[in-house]
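Asks: Quick one, target_25.cif (mmCIF, C-alpha atoms):
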data_work
loop_
_atom_site.label_atom_id
_atom_site.label_comp_id
_atom_site.auth_asym_id
_atom_site.auth_seq_id
_atom_site.Cartn_x
_atom_site.Cartn_y
_atom_site.Cartn_z
CA MET A 1 -93.76 -21.30 -36.52
CA GLY A 2 -96.28 -18.55 -36.33
CA GLU A 3 -97.51 -18.45 -39.89
CA LEU A 4 -98.53 -21.51 -41.87
CA GLY A 5 -96.14 -21.47 -44.80
CA ILE A 6 -95.63 -23.75 -47.74
CA GLU A 7 -92.61 -25.27 -46.03
CA HIS A 8 -94.87 -26.92 -43.47
CA PHE A 9 -96.61 -28.89 -46.16
CA LEU A 10 -93.35 -29.74 -47.91
CA PHE A 11 -91.88 -31.07 -44.68
CA LEU A 12 -94.97 -33.15 -44.05
CA SER A 13 -94.73 -34.51 -47.57
CA ALA A 14 -91.04 -35.32 -47.10
CA ALA A 15 -91.74 -37.07 -43.80
CA LEU A 16 -94.49 -39.22 -45.30
CA PHE A 17 -92.40 -40.05 -48.35
CA ILE A 18 -89.39 -41.08 -46.29
CA ILE A 19 -91.50 -43.17 -43.93
CA GLY A 20 -92.94 -44.95 -46.94
CA MET A 21 -89.47 -45.41 -48.41
CA MET A 22 -88.16 -46.92 -45.20
CA GLY A 23 -91.12 -49.28 -45.21
CA VAL A 24 -90.32 -50.39 -48.74
CA LEU A 25 -86.69 -50.92 -47.81
CA THR A 26 -87.16 -52.75 -44.53
CA ARG A 27 -90.32 -54.79 -44.84
CA ARG A 28 -90.52 -58.08 -46.70
CA ASN A 29 -94.27 -58.56 -46.90
CA VAL A 30 -95.42 -57.76 -50.41
CA LEU A 31 -98.71 -56.29 -49.23
CA ILE A 32 -97.02 -53.96 -46.75
CA ILE A 33 -94.60 -52.86 -49.44
CA PHE A 34 -97.57 -52.13 -51.69
CA MET A 35 -99.19 -49.99 -48.99
CA CYS A 36 -95.93 -48.11 -48.47
CA VAL A 37 -95.74 -47.37 -52.19
CA GLU A 38 -99.24 -45.90 -51.97
CA LEU A 39 -98.05 -43.81 -49.03
CA MET A 40 -95.16 -42.46 -51.11
CA VAL A 41 -97.52 -41.56 -53.96
CA THR A 42 -99.74 -39.68 -51.54
CA ALA A 43 -96.77 -37.80 -50.13
CA VAL A 44 -95.80 -36.68 -53.60
CA ASN A 45 -99.40 -35.53 -54.15
CA ILE A 46 -99.14 -33.26 -51.11
CA SER A 47 -95.97 -31.75 -52.57
CA LEU A 48 -97.61 -31.16 -55.94
CA VAL A 49 -100.60 -29.40 -54.44
CA ALA A 50 -98.38 -27.35 -52.14
CA PHE A 51 -96.21 -26.16 -55.03
CA GLY A 52 -99.32 -25.34 -56.99
CA VAL A 53 -100.61 -23.19 -54.13
CA ALA A 54 -97.22 -21.52 -53.76
CA THR A 55 -97.08 -20.51 -57.41
CA ASP A 56 -100.79 -19.70 -57.78
CA THR A 57 -101.38 -22.29 -60.48
CA MET A 58 -103.80 -25.19 -60.80
CA ASN A 59 -101.32 -27.41 -62.65
CA GLY A 60 -100.25 -29.21 -59.51
CA GLN A 61 -103.80 -30.26 -58.78
CA ALA A 62 -104.24 -31.48 -62.36
CA PHE A 63 -101.10 -33.59 -61.95
CA VAL A 64 -102.53 -35.06 -58.77
CA ILE A 65 -105.58 -36.22 -60.71
CA PHE A 66 -103.26 -38.10 -63.04
CA THR A 67 -101.14 -39.61 -60.29
CA VAL A 68 -104.27 -40.83 -58.50
CA SER A 69 -105.44 -42.49 -61.71
CA VAL A 70 -102.08 -44.16 -62.25
CA ALA A 71 -102.08 -45.27 -58.61
CA ALA A 72 -105.50 -46.86 -59.11
CA ALA A 73 -104.31 -48.76 -62.19
CA GLU A 74 -101.16 -49.76 -60.33
CA ALA A 75 -103.27 -51.03 -57.44
CA ALA A 76 -105.33 -53.21 -59.76
CA VAL A 77 -102.30 -54.70 -61.49
CA GLY A 78 -100.22 -55.05 -58.34
CA LEU A 79 -102.93 -56.79 -56.37
CA GLY A 80 -103.58 -59.06 -59.36
CA ILE A 81 -99.89 -60.00 -59.33
CA ILE A 82 -100.06 -60.70 -55.60
CA LEU A 83 -103.09 -62.94 -56.06
CA ALA A 84 -101.45 -64.78 -58.95
CA LEU A 85 -98.30 -65.33 -56.87
CA ASN A 86 -100.32 -66.63 -53.96
CA ARG A 87 -102.36 -68.94 -56.16
CA ARG A 88 -99.21 -70.62 -57.45
CA GLY A 89 -98.42 -71.52 -53.89
CA LYS A 90 -95.62 -69.01 -53.58
CA SER A 91 -94.81 -67.19 -50.40
CA LEU A 92 -95.49 -63.46 -50.25
CA ASP A 93 -91.98 -62.75 -49.02
CA VAL A 94 -90.07 -60.56 -51.45
CA ASP A 95 -86.88 -62.48 -50.73
CA ASP A 96 -88.53 -65.66 -51.96
CA ILE A 97 -89.84 -64.14 -55.18
CA ARG A 98 -86.89 -64.58 -57.47
CA ALA A 99 -88.33 -66.15 -60.58
CA LEU A 100 -86.92 -63.37 -62.73
CA ARG A 101 -83.47 -63.58 -61.17
CA ASP A 102 -82.79 -67.28 -61.34
CA MET P 1 -100.64 -19.55 -32.34
CA PRO P 2 -103.30 -19.26 -35.05
CA TRP P 3 -105.87 -21.95 -35.47
CA ASP P 4 -104.75 -23.15 -38.87
CA VAL P 5 -101.26 -23.89 -37.54
CA ILE P 6 -102.73 -25.85 -34.65
CA PHE P 7 -104.91 -27.84 -37.01
CA PHE P 8 -101.99 -28.42 -39.33
CA TYR P 9 -99.87 -29.88 -36.54
CA LEU P 10 -102.77 -31.99 -35.33
CA ILE P 11 -103.60 -33.45 -38.76
CA GLY P 12 -100.01 -33.73 -39.88
CA GLY P 13 -98.93 -35.32 -36.62
CA VAL P 14 -101.66 -37.93 -36.80
CA SER P 15 -100.82 -38.70 -40.42
CA VAL P 16 -97.11 -39.10 -39.68
CA LEU P 17 -97.80 -41.29 -36.63
CA THR P 18 -100.17 -43.54 -38.55
CA ALA P 19 -97.69 -43.74 -41.43
CA LEU P 20 -95.12 -44.98 -38.90
CA GLY P 21 -97.75 -47.44 -37.72
CA VAL P 22 -98.04 -48.79 -41.27
CA VAL P 23 -94.31 -49.46 -41.34
CA VAL P 24 -93.94 -51.06 -37.92
CA ALA P 25 -97.25 -52.94 -37.63
CA ASN P 26 -96.86 -56.69 -37.51
CA ASN P 27 -100.37 -57.49 -38.59
CA PRO P 28 -101.05 -56.42 -42.20
CA VAL P 29 -104.68 -55.69 -41.33
CA HIS P 30 -103.53 -53.19 -38.72
CA ALA P 31 -101.25 -51.64 -41.31
CA GLY P 32 -104.21 -51.26 -43.65
CA ILE P 33 -106.31 -49.58 -40.97
CA PHE P 34 -103.43 -47.24 -40.15
CA LEU P 35 -103.14 -46.37 -43.80
CA VAL P 36 -106.86 -45.56 -43.96
CA ILE P 37 -106.48 -43.11 -41.07
CA CYS P 38 -103.38 -41.61 -42.65
CA PHE P 39 -105.14 -41.05 -45.98
CA LEU P 40 -108.14 -39.46 -44.31
CA ASN P 41 -105.80 -37.01 -42.61
CA VAL P 42 -104.08 -36.32 -45.91
CA ALA P 43 -107.53 -35.43 -47.27
CA GLY P 44 -107.71 -32.90 -44.43
CA ILE P 45 -104.34 -31.52 -45.51
CA PHE P 46 -105.72 -31.10 -49.04
CA VAL P 47 -108.64 -29.13 -47.64
CA MET P 48 -106.20 -26.87 -45.80
CA LEU P 49 -104.38 -26.30 -49.09
CA GLY P 50 -107.60 -25.27 -50.81
CA ALA P 51 -107.91 -28.39 -52.99
CA GLU P 52 -111.38 -29.53 -52.03
CA PHE P 53 -111.91 -31.69 -55.10
CA LEU P 54 -108.70 -33.58 -54.45
CA ALA P 55 -109.70 -34.11 -50.84
CA VAL P 56 -112.91 -35.79 -51.95
CA THR P 57 -110.96 -37.76 -54.57
CA GLN P 58 -108.52 -38.87 -51.91
CA VAL P 59 -111.30 -40.19 -49.72
CA ILE P 60 -113.19 -41.92 -52.52
CA VAL P 61 -110.34 -43.35 -54.55
CA TYR P 62 -107.73 -44.12 -51.92
CA THR P 63 -109.64 -45.03 -48.82
CA GLY P 64 -112.76 -46.13 -50.62
CA ALA P 65 -111.36 -48.13 -53.51
CA ILE P 66 -107.67 -48.90 -53.25
CA LEU P 67 -107.48 -49.74 -49.56
CA VAL P 68 -110.67 -51.78 -49.63
CA LEU P 69 -109.08 -53.69 -52.51
CA VAL P 70 -105.94 -54.19 -50.43
CA LEU P 71 -107.96 -55.50 -47.51
CA PHE P 72 -109.87 -57.85 -49.81
CA VAL P 73 -106.61 -59.26 -51.16
CA LEU P 74 -105.37 -59.55 -47.60
CA MET P 75 -108.35 -61.75 -46.84
CA LEU P 76 -107.87 -63.83 -49.98
CA VAL P 77 -104.23 -64.74 -49.49
CA ASP P 78 -103.13 -67.47 -47.17
CA PRO P 79 -101.90 -65.91 -43.92
CA ASP P 80 -99.21 -68.58 -43.65
CA ASP P 81 -97.55 -67.12 -46.71
CA LEU P 82 -97.05 -63.71 -45.16
CA PRO P 83 -93.59 -63.25 -43.70
CA GLU P 84 -93.07 -61.82 -40.26
CA PHE P 85 -91.54 -58.46 -39.62
CA HIS P 86 -88.94 -59.56 -37.13
CA THR P 87 -87.35 -62.00 -39.46
CA ALA P 88 -85.99 -59.14 -41.54
CA ARG P 89 -82.25 -59.06 -41.86
CA PRO P 90 -80.79 -56.42 -39.53
CA VAL P 91 -78.48 -55.04 -42.19
CA GLN P 92 -81.51 -54.41 -44.37
CA ARG P 93 -83.17 -52.45 -41.59
CA TYR P 94 -80.08 -50.41 -40.76
CA VAL P 95 -79.48 -49.54 -44.39
CA GLY P 96 -83.12 -48.53 -44.69
CA PHE P 97 -83.04 -46.22 -41.70
CA LEU P 98 -79.69 -44.76 -42.75
CA LEU P 99 -80.93 -43.98 -46.24
CA GLY P 100 -84.09 -42.49 -44.79
CA ALA P 101 -82.17 -40.20 -42.46
CA VAL P 102 -79.82 -39.09 -45.23
CA LEU P 103 -82.71 -38.38 -47.56
CA LEU P 104 -84.56 -36.46 -44.84
CA LEU P 105 -81.54 -34.22 -44.25
CA GLU P 106 -81.12 -33.66 -47.96
CA VAL P 107 -84.76 -32.84 -48.61
CA GLY P 108 -84.91 -30.68 -45.50
CA ALA P 109 -81.98 -28.62 -46.72
CA ALA P 110 -83.65 -28.31 -50.11
CA ILE P 111 -86.92 -27.14 -48.57
CA LEU P 112 -85.27 -24.59 -46.28
CA THR P 113 -83.27 -23.05 -49.10
CA TRP P 114 -86.13 -23.10 -51.56
CA THR P 115 -86.84 -19.89 -53.40
CA ARG P 116 -89.55 -19.38 -55.91
CA PHE P 117 -88.40 -18.54 -59.39
CA ALA P 118 -91.53 -19.47 -61.32
CA PRO P 119 -93.65 -16.61 -62.61
CA GLU P 120 -96.81 -15.82 -60.75
CA GLY P 121 -99.72 -17.89 -61.91
CA THR P 122 -103.20 -16.72 -62.53
CA ALA P 123 -104.98 -19.12 -60.16
CA THR P 124 -105.20 -16.70 -57.28
CA PRO P 125 -107.99 -17.30 -54.79
CA GLU P 126 -109.93 -14.40 -56.30
CA ASN P 127 -109.75 -15.88 -59.79
CA ILE P 128 -110.73 -19.33 -58.56
CA ALA P 129 -113.71 -17.85 -56.76
CA PHE P 130 -114.60 -15.94 -59.92
CA VAL P 131 -114.64 -19.17 -61.98
CA GLY P 132 -116.90 -20.78 -59.42
CA GLY P 133 -114.63 -22.71 -57.11
CA ASN P 134 -111.85 -25.24 -56.99
CA THR P 135 -113.72 -27.97 -58.85
CA GLN P 136 -114.75 -25.67 -61.68
CA ALA P 137 -111.23 -24.28 -62.07
CA LEU P 138 -109.75 -27.78 -62.10
CA GLY P 139 -112.30 -28.96 -64.65
CA ARG P 140 -111.53 -26.04 -66.95
CA LEU P 141 -107.84 -26.83 -66.78
CA LEU P 142 -108.31 -30.59 -67.30
CA TYR P 143 -110.54 -30.20 -70.35
CA THR P 144 -108.44 -27.55 -72.07
CA ASP P 145 -104.72 -27.78 -71.43
CA TYR P 146 -104.62 -31.39 -70.28
CA LEU P 147 -107.21 -32.87 -72.62
CA LEU P 148 -104.81 -35.29 -74.34
CA ALA P 149 -103.34 -36.44 -71.04
CA PHE P 150 -106.83 -36.91 -69.69
CA GLU P 151 -107.75 -39.23 -72.57
CA VAL P 152 -104.48 -41.12 -72.22
CA ILE P 153 -105.09 -41.70 -68.53
CA SER P 154 -108.43 -43.30 -69.31
CA LEU P 155 -106.60 -45.65 -71.67
CA VAL P 156 -104.13 -46.44 -68.88
CA LEU P 157 -106.99 -47.31 -66.57
CA ILE P 158 -108.60 -49.62 -69.13
CA VAL P 159 -105.32 -51.39 -69.81
CA GLY P 160 -104.76 -51.72 -66.07
CA ILE P 161 -108.16 -53.29 -65.56
CA ILE P 162 -107.62 -55.75 -68.42
CA GLY P 163 -104.21 -56.62 -67.02
CA ALA P 164 -105.69 -57.22 -63.58
CA ILE P 165 -108.33 -59.53 -65.03
CA VAL P 166 -105.73 -61.47 -67.01
CA LEU P 167 -103.52 -61.83 -63.96
CA ALA P 168 -106.35 -62.93 -61.71
CA LEU P 169 -107.71 -65.53 -64.11
CA PRO P 170 -106.75 -69.14 -63.52
CA GLU P 171 -104.30 -70.58 -66.01
CA ARG P 172 -106.93 -72.76 -67.63
CA LEU P 173 -110.51 -71.73 -67.63
CA GLY P 174 -112.71 -74.01 -65.58
CA GLU P 175 -109.88 -74.94 -63.29
CA ARG P 176 -110.49 -74.57 -59.61
CA THR P 177 -108.30 -71.92 -58.06
CA GLY P 178 -106.34 -73.02 -55.08
CA THR P 179 -106.47 -76.32 -53.33
CA ARG P 180 -109.81 -77.77 -52.41
CA ARG P 181 -110.29 -77.95 -48.70
CA ASP P 182 -112.68 -80.31 -46.95
CA THR P 183 -116.25 -79.24 -47.46
CA ILE P 184 -118.66 -80.48 -44.89
CA SER P 185 -122.26 -80.74 -46.01
CA LEU P 186 -125.36 -82.44 -44.87
CA GLY P 187 -126.94 -85.01 -47.18
CA HIS P 188 -128.45 -88.42 -47.48
CA ALA P 189 -126.06 -91.31 -47.55
CA ARG P 190 -125.24 -92.59 -51.00
CA GLY P 191 -127.73 -95.12 -52.35
CA THR P 192 -130.37 -94.41 -49.78
CA ASP P 193 -132.10 -91.52 -51.44
CA THR P 194 -133.98 -93.44 -54.14
CA ALA P 195 -137.64 -93.91 -53.40
CA ALA P 196 -138.88 -97.44 -52.95
CA LEU P 197 -140.71 -98.47 -56.06
CA PRO P 198 -143.69 -100.77 -55.92
CA VAL P 199 -142.72 -104.18 -57.25
CA GLY P 200 -144.90 -105.33 -60.09
CA PRO P 201 -145.01 -108.62 -61.91
CA ARG P 202 -141.99 -108.90 -64.17
CA GLY P 203 -142.60 -108.41 -67.88
CA GLU P 204 -146.32 -108.07 -67.77
CA THR P 205 -147.35 -104.50 -67.13
CA PRO P 206 -145.08 -101.52 -67.04
CA ILE P 207 -144.36 -100.27 -63.60
CA THR P 208 -146.03 -97.03 -62.82
CA VAL P 209 -144.73 -95.15 -59.86
CA ASP P 210 -147.41 -94.14 -57.49
CA ARG P 211 -145.81 -91.25 -55.71
CA ASP P 212 -148.43 -91.09 -53.03
CA ARG P 213 -148.00 -94.68 -52.00
CA ALA P 214 -144.21 -94.80 -52.34
CA GLN P 215 -142.87 -95.34 -48.86
CA PRO P 216 -139.39 -94.28 -47.80
CA THR P 217 -137.02 -97.11 -47.06
CA PRO P 218 -135.68 -97.42 -43.53
CA ALA P 219 -132.29 -96.22 -44.74
CA MET P 220 -133.84 -92.94 -45.82
CA THR P 221 -135.44 -92.31 -42.49
CA ARG P 222 -132.15 -92.84 -40.71
CA GLY P 223 -131.45 -89.20 -41.04
CA LEU P 224 -128.82 -87.00 -42.50
CA ILE P 225 -125.17 -87.90 -42.57
CA MET P 226 -122.14 -85.68 -42.40
CA ALA P 227 -120.41 -85.83 -45.75
CA LYS P 228 -116.91 -84.49 -46.16
CA ASP P 229 -116.80 -84.89 -49.88
CA ALA P 230 -119.29 -84.39 -52.64
CA ASP P 231 -118.77 -87.96 -53.88
CA GLU P 232 -120.06 -89.48 -50.70
CA TYR P 233 -123.66 -88.55 -51.22
CA THR P 234 -124.27 -87.99 -54.88
CA THR P 235 -124.92 -90.73 -57.35
CA VAL P 236 -122.48 -90.95 -60.21
#
Could you express the structure from this file as structure tokens?
Replies:
Amino acid sequence: MGELGIEHFLFLSAALFIIGMMGVLTRRNVLIIFMCVELMVTAVNISLVAFGVATDTMNGQAFVIFTVSVAAAEAAVGLGIILALNRRGKSLDVDDIRALRD
Amino acid sequence: MPWDVIFFYLIGGVSVLTALGVVVANNPVHAGIFLVICFLNVAGIFVMLGAEFLAVTQVIVYTGAILVLVLFVLMLVDPDDLPEFHTARPVQRYVGFLLGAVLLLEVGAAILTWTRFAPEGTATPENIAFVGGNTQALGRLLYTDYLLAFEVISLVLIVGIIGAIVLALPERLGERTGTRRDTISLGHARGTDTAALPVGPRGETPITVDRDRAQPTPAMTRGLIMAKDADEYTTV
């Protein structure tokens, strides 16, 4: 508790990731699920940077650059899918989106 | 207790609380605002870890671009299509919380028993300061060891943008997106907006319109009407 160790950051990352995971599992609103996925990505970024600091390398921070880029592309495509779904008059409830299953 | 620990608990506590707010908020706009606060605090965590460039990236890309995009989409979709939180099936919620608790225990055990076996890296604070700082060190790494991955990620971004454009386009070009709602505009009533022409003798001399002497008909001076549709006040 006295000294700020790497475990603090790893626990924070785990907490954020698990909160995001519970959001993905329990919510049904597509937009909220999207935000929770972004939260999980950010939690993993904290872990990557923390491991990089612990091992005195910059590789973790380079990985974070790539995950942020992929998250940006994912945001563009995911929000495009949400808009396309909404334009076709579909509900934004994940339980109602079953075009691929039926 | 040293100051950095106090600041860590402050920033981390706020980020965890706002992350919980994202999950439990009923209103998606509130969830978006909570997520903005959470990401700003995560940027603070990055500063505490010595990753200043990533902190700035976090603020610009996540809170500046992605979440603004989310809020825009939130405004574009029909709010009637968004499901409510409390209609979730209880079994879904219990399974979610159970899996979360199990995963937290598992990851906690992994973190507490973690030992470092990787060799010591060379990016010690002294070396980073020698290169010129965090941004310079990260740039050197990105443009040497990760050059191919860096080019590939730009390709991923371009493909993502093209995919987003294709998805957001209407199915046929020129088609109106969505259903047309009532548009209320002010305009002259149909058929009353033609100026009164002076009547000349038929077939003798061509009629020349004298714009100065053309008087408005009484129907034109009746004033503006409220039109609910474009067809009500435009001539075909």
Asks: With distances taken over only C-alpha atoms, which residue among A:Ala62, A:Val30, A:Val44, A:Leu39 lies nearest Ile81 of chain A?
Replies: A:Val30
Asks: Find the nearest atom pair between each residue of chain P and chain A for residues within 7 Å, count only C-alpha atoms, give distances in Å to one decimal, sort rows by chain and ascending number, and present the table as JSON lines.
Replies:
{"residue": "P:Met1", "atom": "CA", "partner": "A:Gly2", "partner_atom": "CA", "distance": 6.0}
{"residue": "P:Val5", "atom": "CA", "partner": "A:Leu4", "partner_atom": "CA", "distance": 5.6}
{"residue": "P:Gly12", "atom": "CA", "partner": "A:Leu12", "partner_atom": "CA", "distance": 6.6}
{"residue": "P:Val16", "atom": "CA", "partner": "A:Leu16", "partner_atom": "CA", "distance": 6.2}
{"residue": "P:Ala19", "atom": "CA", "partner": "A:Ile19", "partner_atom": "CA", "distance": 6.7}
{"residue": "P:Leu20", "atom": "CA", "partner": "A:Ile19", "partner_atom": "CA", "distance": 6.5}
{"residue": "P:Val23", "atom": "CA", "partner": "A:Gly23", "partner_atom": "CA", "distance": 5.0}
{"residue": "P:Pro28", "atom": "CA", "partner": "A:Ile32", "partner_atom": "CA", "distance": 6.6}
{"residue": "P:Leu49", "atom": "CA", "partner": "A:Ala50", "partner_atom": "CA", "distance": 6.8}
{"residue": "P:Ile66", "atom": "CA", "partner": "A:Ala75", "partner_atom": "CA", "distance": 6.4}
{"residue": "P:Val73", "atom": "CA", "partner": "A:Leu79", "partner_atom": "CA", "distance": 6.8}
{"residue": "P:Val77", "atom": "CA", "partner": "A:Asn86", "partner_atom": "CA", "distance": 6.2}
{"residue": "P:Asp81", "atom": "CA", "partner": "A:Ser91", "partner_atom": "CA", "distance": 4.6}
{"residue": "P:Leu82", "atom": "CA", "partner": "A:Leu92", "partner_atom": "CA", "distance": 5.3}
{"residue": "P:Pro83", "atom": "CA", "partner": "A:Asp93", "partner_atom": "CA", "distance": 5.6}
{"residue": "P:Phe85", "atom": "CA", "partner": "A:Arg27", "partner_atom": "CA", "distance": 6.5}
{"residue": "P:Ala88", "atom": "CA", "partner": "A:Arg28", "partner_atom": "CA", "distance": 6.9}
{"residue": "P:Gln92", "atom": "CA", "partner": "A:Thr26", "partner_atom": "CA", "distance": 5.9}
{"residue": "P:Arg93", "atom": "CA", "partner": "A:Thr26", "partner_atom": "CA", "distance": 5.0}
{"residue": "P:Gly96", "atom": "CA", "partner": "A:Leu25", "partner_atom": "CA", "distance": 5.3}
{"residue": "P:Phe97", "atom": "CA", "partner": "A:Met22", "partner_atom": "CA", "distance": 6.2}
{"residue": "P:Gly100", "atom": "CA", "partner": "A:Ile18", "partner_atom": "CA", "distance": 5.7}
{"residue": "P:Leu104", "atom": "CA", "partner": "A:Ile18", "partner_atom": "CA", "distance": 6.8}
{"residue": "P:Val107", "atom": "CA", "partner": "A:Ala14", "partner_atom": "CA", "distance": 6.9}
{"residue": "P:Ile111", "atom": "CA", "partner": "A:Glu7", "partner_atom": "CA", "distance": 6.5}
{"residue": "P:Ala118", "atom": "CA", "partner": "A:Thr55", "partner_atom": "CA", "distance": 6.9}
{"residue": "P:Glu120", "atom": "CA", "partner": "A:Thr55", "partner_atom": "CA", "distance": 5.8}
{"residue": "P:Gly121", "atom": "CA", "partner": "A:Asp56", "partner_atom": "CA", "distance": 4.6}
{"residue": "P:Thr122", "atom": "CA", "partner": "A:Asp56", "partner_atom": "CA", "distance": 6.1}
{"residue": "P:Ala123", "atom": "CA", "partner": "A:Thr57", "partner_atom": "CA", "distance": 4.8}
{"residue": "P:Thr124", "atom": "CA", "partner": "A:Asp56", "partner_atom": "CA", "distance": 5.4}
{"residue": "P:Leu138", "atom": "CA", "partner": "A:Met58", "partner_atom": "CA", "distance": 6.6}
{"residue": "P:Leu142", "atom": "CA", "partner": "A:Ala62", "partner_atom": "CA", "distance": 6.5}
{"residue": "P:Ile153", "atom": "CA", "partner": "A:Phe66", "partner_atom": "CA", "distance": 6.8}
{"residue": "P:Leu157", "atom": "CA", "partner": "A:Ala73", "partner_atom": "CA", "distance": 5.3}
{"residue": "P:Gly160", "atom": "CA", "partner": "A:Ala73", "partner_atom": "CA", "distance": 4.9}
{"residue": "P:Ile161", "atom": "CA", "partner": "A:Ala76", "partner_atom": "CA", "distance": 6.5}
{"residue": "P:Gly163", "atom": "CA", "partner": "A:Val77", "partner_atom": "CA", "distance": 6.2}
{"residue": "P:Ala164", "atom": "CA", "partner": "A:Val77", "partner_atom": "CA", "distance": 4.7}
{"residue": "P:Leu167", "atom": "CA", "partner": "A:Gly80", "partner_atom": "CA", "distance": 5.4}
{"residue": "P:Ala168", "atom": "CA", "partner": "A:Gly80", "partner_atom": "CA", "distance": 5.3}
{"residue": "P:Thr177", "atom": "CA", "partner": "A:Arg87", "partner_atom": "CA", "distance": 6.9}
{"residue": "P:Gly178", "atom": "CA", "partner": "A:Arg87", "partner_atom": "CA", "distance": 5.8}
Asks: Can you tell me how far atom CA of Leu67 of chain P sits from atom CA of His30 of chain P, in Å to one decimal?
Replies: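 About the pair atom CA of Leu67 of chain P and atom CA of His30 of chain P: they are 12.0 Å apart.
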Asks: Give me, please, the distance in Å between atom CA of Val47 of chain P and atom CA of Gly133 of chain P, quoted to one decimal.
Replies: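 Straight-line distance from atom CA of Val47 of chain P to atom CA of Gly133 of chain P works out to 12.9 Å.
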Asks: Can you measure atom CA of Cys38 of chain P to atom CA of Phe72 of chain P for me? One decimal in Å is fine.
Replies: 18.9 Å
Asks: Because the input lacks atoms here, generate N, CA and C atoms for segment 6-23 of chain P and report them as a PDB file, in the coordinates of the input.
Replies:
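Result file is selection-v7.pdb:
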ATOM      1  N   ILE P   6    -102.410 -24.787 -35.602  1.00  0.00           N
ATOM      2  CA  ILE P   6    -102.730 -25.850 -34.650  1.00  0.00           C
ATOM      3  C   ILE P   6    -103.348 -27.043 -35.372  1.00  0.00           C
ATOM      4  N   PHE P   7    -104.275 -26.734 -36.287  1.00  0.00           N
ATOM      5  CA  PHE P   7    -104.910 -27.840 -37.010  1.00  0.00           C
ATOM      6  C   PHE P   7    -103.906 -28.549 -37.918  1.00  0.00           C
ATOM      7  N   PHE P   8    -102.987 -27.770 -38.485  1.00  0.00           N
ATOM      8  CA  PHE P   8    -101.990 -28.420 -39.330  1.00  0.00           C
ATOM      9  C   PHE P   8    -101.152 -29.399 -38.523  1.00  0.00           C
ATOM     10  N   TYR P   9    -100.705 -28.968 -37.337  1.00  0.00           N
ATOM     11  CA  TYR P   9     -99.870 -29.880 -36.540  1.00  0.00           C
ATOM     12  C   TYR P   9    -100.672 -31.073 -36.062  1.00  0.00           C
ATOM     13  N   LEU P  10    -101.934 -30.866 -35.759  1.00  0.00           N
ATOM     14  CA  LEU P  10    -102.770 -31.990 -35.330  1.00  0.00           C
ATOM     15  C   LEU P  10    -102.915 -33.012 -36.466  1.00  0.00           C
ATOM     16  N   ILE P  11    -103.354 -32.531 -37.633  1.00  0.00           N
ATOM     17  CA  ILE P  11    -103.600 -33.450 -38.760  1.00  0.00           C
ATOM     18  C   ILE P  11    -102.300 -34.062 -39.254  1.00  0.00           C
ATOM     19  N   GLY P  12    -101.288 -33.217 -39.390  1.00  0.00           N
ATOM     20  CA  GLY P  12    -100.010 -33.730 -39.880  1.00  0.00           C
ATOM     21  C   GLY P  12     -99.384 -34.705 -38.904  1.00  0.00           C
ATOM     22  N   GLY P  13     -99.497 -34.407 -37.606  1.00  0.00           N
ATOM     23  CA  GLY P  13     -98.930 -35.320 -36.620  1.00  0.00           C
ATOM     24  C   GLY P  13     -99.618 -36.670 -36.651  1.00  0.00           C
ATOM     25  N   VAL P  14    -100.934 -36.652 -36.743  1.00  0.00           N
ATOM     26  CA  VAL P  14    -101.660 -37.930 -36.800  1.00  0.00           C
ATOM     27  C   VAL P  14    -101.279 -38.688 -38.063  1.00  0.00           C
ATOM     28  N   SER P  15    -101.150 -37.976 -39.189  1.00  0.00           N
ATOM     29  CA  SER P  15    -100.820 -38.700 -40.420  1.00  0.00           C
ATOM     30  C   SER P  15     -99.419 -39.278 -40.364  1.00  0.00           C
ATOM     31  N   VAL P  16     -98.467 -38.545 -39.773  1.00  0.00           N
ATOM     32  CA  VAL P  16     -97.110 -39.100 -39.680  1.00  0.00           C
ATOM     33  C   VAL P  16     -97.083 -40.291 -38.724  1.00  0.00           C
ATOM     34  N   LEU P  17     -97.797 -40.181 -37.597  1.00  0.00           N
ATOM     35  CA  LEU P  17     -97.800 -41.290 -36.630  1.00  0.00           C
ATOM     36  C   LEU P  17     -98.438 -42.538 -37.243  1.00  0.00           C
ATOM     37  N   THR P  18     -99.544 -42.360 -37.961  1.00  0.00           N
ATOM     38  CA  THR P  18    -100.170 -43.540 -38.550  1.00  0.00           C
ATOM     39  C   THR P  18     -99.329 -44.094 -39.698  1.00  0.00           C
ATOM     40  N   ALA P  19     -98.589 -43.225 -40.392  1.00  0.00           N
ATOM     41  CA  ALA P  19     -97.690 -43.740 -41.430  1.00  0.00           C
ATOM     42  C   ALA P  19     -96.598 -44.592 -40.785  1.00  0.00           C
ATOM     43  N   LEU P  20     -96.085 -44.142 -39.633  1.00  0.00           N
ATOM     44  CA  LEU P  20     -95.120 -44.980 -38.900  1.00  0.00           C
ATOM     45  C   LEU P  20     -95.764 -46.291 -38.481  1.00  0.00           C
ATOM     46  N   GLY P  21     -97.047 -46.224 -38.097  1.00  0.00           N
ATOM     47  CA  GLY P  21     -97.750 -47.440 -37.720  1.00  0.00           C
ATOM     48  C   GLY P  21     -97.837 -48.425 -38.879  1.00  0.00           C
ATOM     49  N   VAL P  22     -97.999 -47.913 -40.101  1.00  0.00           N
ATOM     50  CA  VAL P  22     -98.040 -48.790 -41.270  1.00  0.00           C
ATOM     51  C   VAL P  22     -96.724 -49.553 -41.381  1.00  0.00           C
ATOM     52  N   VAL P  23     -95.618 -48.838 -41.123  1.00  0.00           N
ATOM     53  CA  VAL P  23     -94.310 -49.460 -41.340  1.00  0.00           C
ATOM     54  C   VAL P  23     -94.001 -50.476 -40.242  1.00  0.00           C
TER      55      VAL P  23
END
